[in-house]
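Colleague: For reference, this is my_file-v1.txt, and it has compact mmCIF, C-alpha atoms.
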# COMPACT_ATOMS: atom_id res chain seq x y z
CA MET X 1 -135.13 74.75 26.05
CA ALA X 2 -131.84 73.00 26.54
CA VAL X 3 -128.74 74.88 25.50
CA ARG X 4 -126.52 72.95 23.09
CA ARG X 5 -122.79 72.91 23.63
CA ARG X 6 -120.83 74.63 20.87
CA GLU X 7 -119.19 72.06 18.63
CA ALA X 8 -115.88 72.32 16.85
CA PRO X 9 -116.09 73.05 13.13
CA LYS X 10 -116.27 70.01 10.93
CA ALA X 11 -114.47 69.48 7.66
CA GLY X 12 -116.61 70.92 4.92
CA GLY X 13 -118.43 73.30 7.25
CA VAL X 14 -117.73 76.82 8.43
CA ASN X 15 -117.92 77.84 12.07
CA PRO X 16 -120.33 80.78 12.41
CA ASN X 17 -118.32 82.18 15.34
CA PRO X 18 -116.90 85.63 14.37
CA ASN X 19 -113.55 84.75 15.96
CA ALA X 20 -113.40 81.55 13.95
CA SER X 21 -114.21 83.52 10.79
CA THR X 22 -111.25 85.79 11.48
CA LYS X 23 -109.01 82.74 11.89
CA VAL X 24 -110.31 81.33 8.61
CA TRP X 25 -109.30 84.47 6.71
CA LEU X 26 -105.92 84.61 8.44
CA PHE X 27 -105.08 80.96 7.83
CA SER X 28 -106.34 81.18 4.24
CA LEU X 29 -104.19 84.22 3.52
CA LEU X 30 -101.09 82.63 5.04
CA LEU X 31 -101.65 79.38 3.16
CA THR X 32 -102.16 81.25 -0.11
CA LEU X 33 -98.84 83.03 0.33
CA GLN X 34 -97.11 79.79 1.33
CA TYR X 35 -98.45 77.80 -1.63
CA GLY X 36 -97.62 80.56 -4.07
CA ALA X 37 -94.17 81.44 -2.77
CA GLN X 38 -92.86 77.95 -1.89
CA PRO X 39 -91.52 76.97 -5.36
CA LEU X 40 -89.79 80.30 -5.91
CA ILE X 41 -88.29 80.44 -2.42
CA SER X 42 -87.11 76.83 -2.61
CA LYS X 43 -85.27 77.47 -5.87
CA ARG X 44 -83.65 80.67 -4.58
CA CYS X 45 -82.74 79.55 -1.06
CA THR X 46 -81.74 75.92 -1.68
CA SER X 47 -78.58 75.24 -3.67
CA ARG X 48 -78.33 72.23 -5.94
CA GLU X 49 -75.66 70.77 -3.64
CA VAL X 50 -78.13 70.40 -0.76
CA ILE X 51 -79.11 66.77 -0.19
CA VAL X 52 -82.87 66.34 -0.76
CA THR X 53 -83.32 63.90 2.12
CA SER X 54 -81.85 66.36 4.59
CA CYS X 55 -84.41 69.00 3.58
CA VAL X 56 -87.31 66.56 3.94
CA LEU X 57 -86.18 65.28 7.34
CA ALA X 58 -85.61 68.80 8.65
CA CYS X 59 -89.09 69.78 7.45
CA GLU X 60 -90.65 66.84 9.28
CA VAL X 61 -88.87 67.77 12.52
CA VAL X 62 -90.17 71.34 12.30
CA LYS X 63 -93.65 70.02 11.56
CA VAL X 64 -93.63 67.75 14.63
CA ILE X 65 -92.51 70.61 16.88
CA SER X 66 -95.21 72.88 15.44
CA ALA X 67 -97.99 70.31 15.88
CA ILE X 68 -96.97 69.55 19.48
CA MET X 69 -96.92 73.26 20.28
CA LEU X 70 -100.43 73.62 18.84
CA LEU X 71 -101.64 70.64 20.91
CA ALA X 72 -100.14 72.22 24.02
CA LYS X 73 -101.74 75.55 23.20
CA ASP X 74 -105.15 73.86 22.85
CA GLY X 75 -104.65 72.19 26.23
CA SER X 76 -105.21 68.74 24.73
CA LEU X 77 -101.61 67.51 24.65
CA ARG X 78 -101.72 65.34 27.78
CA ASN X 79 -105.14 63.85 27.08
CA THR X 80 -104.30 63.14 23.43
CA PHE X 81 -101.13 61.21 24.17
CA LYS X 82 -102.74 59.45 27.14
CA LYS X 83 -105.18 57.80 24.71
CA TRP X 84 -102.46 57.08 22.14
CA THR X 85 -101.74 53.47 21.09
CA LEU X 86 -99.11 52.09 18.74
CA ILE X 87 -101.58 49.93 16.82
CA GLY X 88 -103.97 52.83 16.32
CA SER X 89 -101.13 55.05 15.17
CA LEU X 90 -99.83 52.57 12.59
CA THR X 91 -103.34 51.84 11.33
CA ALA X 92 -104.27 55.49 10.81
CA SER X 93 -100.95 57.11 9.92
CA GLY X 94 -98.46 54.44 8.83
CA LEU X 95 -99.16 54.11 5.10
CA PRO X 96 -100.01 57.80 4.48
CA ALA X 97 -96.80 58.80 6.25
CA ALA X 98 -94.64 56.59 4.05
CA ILE X 99 -96.42 57.88 0.93
CA TYR X 100 -96.02 61.53 1.93
CA ALA X 101 -92.32 61.01 2.66
CA LEU X 102 -91.78 59.78 -0.89
CA GLN X 103 -93.97 62.56 -2.28
CA ASN X 104 -91.95 65.25 -0.50
CA SER X 105 -88.72 63.89 -1.95
CA LEU X 106 -90.19 63.96 -5.46
CA LEU X 107 -91.40 67.54 -4.97
CA GLN X 108 -87.95 68.64 -3.80
CA ILE X 109 -86.46 67.21 -7.02
CA SER X 110 -89.14 68.83 -9.18
CA TYR X 111 -88.70 72.25 -7.54
CA ARG X 112 -85.20 72.45 -8.98
CA ASN X 113 -86.05 71.48 -12.55
CA LEU X 114 -89.27 73.36 -13.38
CA ASP X 115 -90.16 77.02 -13.41
CA SER X 116 -92.32 78.04 -10.47
CA LEU X 117 -95.63 78.58 -12.29
CA THR X 118 -95.43 75.32 -14.25
CA PHE X 119 -94.64 73.41 -11.08
CA SER X 120 -97.57 74.97 -9.21
CA MET X 121 -100.12 74.20 -11.92
CA LEU X 122 -98.90 70.64 -12.52
CA ASN X 123 -99.04 70.12 -8.79
CA GLN X 124 -102.79 70.88 -8.91
CA THR X 125 -103.45 67.59 -10.71
CA LYS X 126 -103.42 66.07 -7.23
CA LEU X 127 -107.07 67.19 -7.06
CA PHE X 128 -107.98 64.71 -9.78
CA PHE X 129 -106.16 61.85 -8.07
CA THR X 130 -107.63 62.81 -4.70
CA ALA X 131 -111.11 62.53 -6.21
CA LEU X 132 -110.22 59.21 -7.82
CA PHE X 133 -108.84 57.58 -4.67
CA THR X 134 -111.59 59.09 -2.52
CA PHE X 135 -114.12 57.34 -4.73
CA ILE X 136 -112.18 54.06 -4.64
CA ILE X 137 -111.59 54.06 -0.88
CA LEU X 138 -114.61 55.96 0.51
CA ARG X 139 -117.06 55.64 -2.40
CA GLN X 140 -117.44 59.43 -2.51
CA LYS X 141 -119.01 60.26 -5.89
CA GLN X 142 -118.44 63.32 -8.09
CA SER X 143 -121.03 65.51 -9.82
CA ILE X 144 -121.16 65.92 -13.60
CA GLN X 145 -119.66 69.40 -13.24
CA GLN X 146 -116.82 68.02 -11.12
CA ILE X 147 -116.04 65.33 -13.67
CA GLY X 148 -115.90 68.00 -16.38
CA ALA X 149 -113.62 70.10 -14.19
CA LEU X 150 -111.25 67.17 -13.74
CA PHE X 151 -111.01 66.72 -17.50
CA LEU X 152 -110.13 70.42 -17.85
CA LEU X 153 -107.38 69.87 -15.31
CA ILE X 154 -105.94 66.97 -17.31
CA ILE X 155 -105.93 69.09 -20.50
CA ALA X 156 -104.11 71.86 -18.61
CA ALA X 157 -101.51 69.37 -17.35
CA ILE X 158 -100.88 68.13 -20.91
CA LEU X 159 -100.47 71.69 -22.18
CA LEU X 160 -98.03 72.44 -19.40
CA SER X 161 -96.00 69.33 -20.14
CA ILE X 162 -95.74 70.28 -23.83
CA GLY X 163 -95.00 73.91 -23.02
CA GLU X 164 -92.33 73.08 -20.48
CA GLY X 165 -90.47 70.77 -22.84
CA SER X 166 -90.65 73.12 -25.82
CA SER X 167 -89.86 76.31 -23.90
CA LYS X 168 -86.67 74.89 -22.41
CA ALA X 169 -85.58 72.77 -25.34
CA SER X 170 -83.51 75.62 -26.72
CA SER X 171 -81.85 76.34 -23.38
CA SER X 172 -78.72 74.74 -22.00
CA ARG X 173 -80.84 72.30 -20.00
CA ASN X 174 -81.48 68.84 -21.47
CA PRO X 175 -85.21 68.38 -22.37
CA ASP X 176 -85.01 64.76 -21.16
CA GLU X 177 -83.71 65.99 -17.81
CA ILE X 178 -86.64 68.39 -17.56
CA LEU X 179 -89.07 65.58 -18.31
CA PHE X 180 -87.62 62.92 -16.01
CA TYR X 181 -86.47 65.19 -13.18
CA GLY X 182 -89.15 67.87 -13.37
CA ILE X 183 -92.47 66.90 -14.98
CA ILE X 184 -92.64 63.19 -14.11
CA PRO X 185 -91.67 63.62 -10.42
CA VAL X 186 -94.34 66.25 -9.78
CA LEU X 187 -97.02 64.16 -11.54
CA VAL X 188 -96.07 61.04 -9.57
CA ALA X 189 -96.11 63.16 -6.42
CA SER X 190 -99.64 64.26 -7.32
CA VAL X 191 -100.77 60.63 -7.61
CA LEU X 192 -99.22 59.84 -4.23
CA SER X 193 -100.79 62.96 -2.73
CA GLY X 194 -104.24 61.87 -3.89
CA LEU X 195 -103.81 58.40 -2.41
CA ALA X 196 -102.45 59.68 0.90
CA SER X 197 -105.19 62.32 1.14
CA ALA X 198 -107.91 59.69 0.71
CA LEU X 199 -106.26 57.49 3.33
CA CYS X 200 -106.07 60.42 5.76
CA GLN X 201 -109.73 61.20 5.16
CA TRP X 202 -110.56 57.58 5.89
CA ALA X 203 -108.56 57.75 9.12
CA SER X 204 -110.24 60.95 10.29
CA GLN X 205 -113.80 59.98 9.31
CA VAL X 206 -113.78 56.25 10.02
CA LYS X 207 -111.07 55.94 12.69
CA LYS X 208 -111.86 59.36 14.25
CA HIS X 209 -108.16 60.24 14.55
CA ALA X 210 -107.23 63.74 15.79
CA SER X 211 -105.72 66.06 13.16
CA TYR X 212 -102.69 67.36 15.08
CA LEU X 213 -101.90 63.90 16.45
CA MET X 214 -101.97 62.51 12.93
CA THR X 215 -99.54 65.24 11.84
CA VAL X 216 -97.08 64.20 14.58
CA GLU X 217 -97.47 60.49 13.82
CA MET X 218 -97.13 60.86 10.07
CA SER X 219 -94.06 63.06 10.38
CA ILE X 220 -92.30 60.63 12.72
CA ILE X 221 -93.24 57.51 10.75
CA GLY X 222 -92.43 59.18 7.46
CA SER X 223 -89.03 60.26 8.76
CA LEU X 224 -88.23 56.71 9.91
CA CYS X 225 -89.22 55.34 6.49
CA LEU X 226 -87.09 57.96 4.77
CA VAL X 227 -84.07 57.19 6.97
CA ALA X 228 -84.45 53.48 6.26
CA SER X 229 -84.75 54.02 2.50
CA ALA X 230 -81.79 56.39 2.48
CA TYR X 231 -79.45 53.82 4.02
CA LYS X 232 -78.37 52.48 0.63
CA SER X 233 -79.57 55.37 -1.54
CA PRO X 234 -77.35 58.05 -3.14
CA ASP X 235 -78.66 60.56 -0.61
CA GLY X 236 -77.70 58.29 2.25
CA SER X 237 -74.19 57.88 0.87
CA ALA X 238 -73.89 61.63 0.35
CA ILE X 239 -74.96 62.31 3.94
CA ARG X 240 -72.43 59.82 5.32
CA GLN X 241 -69.70 61.27 3.13
CA HIS X 242 -70.39 65.01 3.37
CA GLY X 243 -72.62 65.36 6.43
CA PHE X 244 -76.33 66.00 6.95
CA PHE X 245 -76.14 69.76 6.36
CA TYR X 246 -73.89 69.61 3.31
CA GLY X 247 -74.58 72.61 1.07
CA TRP X 248 -76.85 74.25 3.64
CA THR X 249 -76.80 77.96 4.41
CA PRO X 250 -78.93 79.92 6.89
CA LEU X 251 -81.25 80.68 3.96
CA THR X 252 -81.94 76.96 3.46
CA TRP X 253 -84.01 76.96 6.62
CA ILE X 254 -86.49 79.41 5.09
CA PRO X 255 -88.14 76.99 2.60
CA VAL X 256 -87.84 74.14 5.12
CA VAL X 257 -89.73 76.01 7.83
CA LEU X 258 -92.15 77.48 5.28
CA ASN X 259 -93.02 74.04 3.95
CA ALA X 260 -93.59 72.69 7.47
CA VAL X 261 -95.83 75.61 8.41
CA GLY X 262 -97.76 75.06 5.18
CA GLY X 263 -98.49 71.48 6.23
CA ILE X 264 -99.94 72.74 9.51
CA LEU X 265 -101.96 75.46 7.76
CA VAL X 266 -103.56 72.92 5.40
CA GLY X 267 -105.01 71.11 8.41
CA LEU X 268 -106.19 74.36 10.01
CA VAL X 269 -107.91 75.68 6.87
CA THR X 270 -109.61 72.32 6.29
CA SER X 271 -110.69 72.11 9.92
CA TYR X 272 -112.11 75.63 10.15
CA ALA X 273 -113.47 76.13 6.61
CA GLY X 274 -113.50 72.82 4.73
CA GLY X 275 -112.47 72.00 1.21
CA VAL X 276 -114.26 74.91 -0.50
CA ARG X 277 -112.08 77.56 1.10
CA LYS X 278 -108.99 75.46 0.47
CA GLY X 279 -109.93 75.38 -3.23
CA PHE X 280 -110.01 79.17 -3.35
CA VAL X 281 -106.64 79.20 -1.60
CA ILE X 282 -105.17 76.96 -4.30
CA VAL X 283 -106.52 79.17 -7.09
CA SER X 284 -105.21 82.31 -5.41
CA ALA X 285 -101.82 80.67 -4.89
CA LEU X 286 -101.45 80.15 -8.65
CA LEU X 287 -101.88 83.87 -9.18
CA VAL X 288 -99.36 84.60 -6.42
CA THR X 289 -96.84 82.28 -8.07
CA ALA X 290 -97.31 83.91 -11.47
CA LEU X 291 -96.90 87.37 -9.95
CA LEU X 292 -93.78 86.46 -7.97
CA GLN X 293 -92.17 84.74 -10.94
CA PHE X 294 -92.72 87.80 -13.13
CA ILE X 295 -91.39 90.17 -10.45
CA PHE X 296 -88.31 88.21 -9.37
CA ASP X 297 -87.42 86.19 -12.49
CA GLY X 298 -88.22 89.00 -14.91
CA LYS X 299 -89.92 86.79 -17.49
CA PRO X 300 -93.59 86.37 -18.39
CA PRO X 301 -95.21 82.92 -18.50
CA SER X 302 -94.92 80.91 -21.71
CA PRO X 303 -97.90 80.89 -24.16
CA TYR X 304 -98.74 77.34 -23.05
CA CYS X 305 -98.85 78.51 -19.44
CA LEU X 306 -101.10 81.41 -20.38
CA VAL X 307 -103.54 78.98 -22.02
CA ALA X 308 -103.32 76.46 -19.19
CA LEU X 309 -103.69 78.96 -16.34
CA PRO X 310 -107.38 79.83 -16.94
CA LEU X 311 -108.11 76.12 -17.46
CA VAL X 312 -106.62 75.29 -14.07
CA VAL X 313 -108.40 78.18 -12.36
CA THR X 314 -111.73 77.31 -14.01
CA SER X 315 -111.47 73.59 -13.30
CA ILE X 316 -110.67 74.02 -9.60
CA SER X 317 -113.38 76.67 -9.17
CA ILE X 318 -116.03 74.47 -10.83
CA TYR X 319 -114.95 71.45 -8.82
CA GLN X 320 -115.34 73.30 -5.52
CA LYS X 321 -118.58 75.09 -6.50
CA TYR X 322 -120.62 72.12 -7.71
CA PRO X 323 -120.25 69.24 -5.24
CA TYR X 324 -122.14 65.98 -5.61
CA HIS X 325 -125.55 65.99 -3.90
CA VAL X 326 -127.02 62.72 -2.72
CA LYS X 327 -130.52 62.19 -4.11
CA LYS X 328 -133.18 61.20 -1.65
CA LYS X 329 -134.42 57.69 -2.29
CA GLU X 330 -137.91 56.56 -1.52
CA LEU X 331 -137.91 53.75 1.00
So that I can check it, write out the structure of this file as structure tokens.
Modeller:
Amino acid sequence: MAVRRREAPKAGGVNPNPNASTKVWLFSLLLTLQYGAQPLISKRCTSREVIVTSCVLACEVVKVISAIMLLAKDGSLRNTFKKWTLIGSLTASGLPAAIYALQNSLLQISYRNLDSLTFSMLNQTKLFFTALFTFIILRQKQSIQQIGALFLLIIAAILLSIGEGSSKASSSRNPDEILFYGIIPVLVASVLSGLASALCQWASQVKKHASYLMTVEMSIIGSLCLVASAYKSPDGSAIRQHGFFYGWTPLTWIPVVLNAVGGILVGLVTSYAGGVRKGFVIVSALLVTALLQFIFDGKPPSPYCLVALPLVVTSISIYQKYPYHVKKKEL
């Protein structure tokens, strides 16, 4: 009997290797902590004077360095870049990179204008838009249970929007500012995330593009797009007037590096365990966010958040547990 060569884990599958299983748990734990702590850490470590574009560009630089180090560690750095072509890079990574650059800027704005738990749960609506654009681009269908789960997610997002506006209406913050600089940016970012995710899936499945290489390409292309767009933007003017690191402190690097590492971990969890494990990571991250907000901010979630939280948890769990199964057709 011929011995088959061990294959790398595919997206959606789990490698039975015990060492790979250990890596899955480690990466999942780290990603859970990163997802859950990112909003709180960003608000505490980044002052309002920091220019958003500078944070995004710094994050992309860290992400490129991390991805190249991982390629070198795998021993595939030289071979990967030897096969690299400009046309292939632009085809697979160009549009998603530009979309993600805009998404990151919107998330940076939203971080500063929403409480951590509300931001995290609204950010989960990207699952709905990922499913929508995956169907449009790749014709990947959803099961009845998944469709029901997506509707639960929409209801939760509406509850959070109402709760966020009403809970802060009596504070010194302007409710319109919360809506236009908090809720709307994170929802638009979720739409962009869904579109970019579907495009990345198309690139990996159809174009067979390597994951780490795509990370490097998307970070570089996204940074170039961001620099070009910032030339005449308020952020660009602020950078020219005050400098790139205006408002930065040593603590500012913490959320920047954490966000970059999170981007790498998403690829690792998906590669080793697939979307199911990533779904559990997202659910666990919501609980981490709620716990950290209660511990460090000293306030419990609003009633709307308490109602929306089980809806978000239930919807994501159902969506991951009941995937669409293709029915066998008689030929």
Colleague: Can you tell me, as number ranges by chain, what residues are no more than 10 Å from X:Ile68 when counting only C-alpha atoms, ignoring any on the same chain fewer than 2 positions away?
Modeller: X: 63-66, 70-74, 76-77, 212-213, 215-216
Colleague: Just want the 9 Å neighbourhood of X:Val312, counted on all atoms listed in the file, with same-chain residues fewer than 6 positions away dropped. Output as a list in words.
Modeller: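 Selected residues are Met121, Gln124, Thr125, Ala149, Leu152, Leu153, Ile154, Ile155, Ala156, Ala157, Val283 and Leu286 of chain X.
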Colleague: May I ask for the distance between atom CA of X:Ser116 and atom CA of X:Gln201, given in Å to one decimal place?
Modeller: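 Rounded to one decimal, the two atoms are 28.8 Å apart.
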Colleague: What's the 12 Å shell around X:Leu309, counting all atoms listed in the file, without same-chain residues fewer than 4 positions away, as a PyMOL selection string?
Modeller: chain X and resi 117-122+124+152-153+155-157+159-160+283-287+289-290+301-305+313-316
Colleague: Identify which of the residues X:Leu306, X:Val50, X:Leu138, X:Ile41 lies closest to X:Gln205, counting all atoms listed in the file when measuring atom-to-atom distances.
Modeller: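 Going through X:Leu306, X:Val50, X:Leu138, X:Ile41 one by one, the smallest distance to X:Gln205 is for X:Leu138.
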Colleague: Can you tell me which residues surround X:Val52 at a distance of at most 8 Å, considering only C-alpha atoms, apart from same-chain residues fewer than 6 positions away, and format the answer as a list of chain:residue names?
Modeller: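 Counting only C-alpha atoms, the residues come to X:Ser105, X:Gln108, X:Ile109, X:Asp235.
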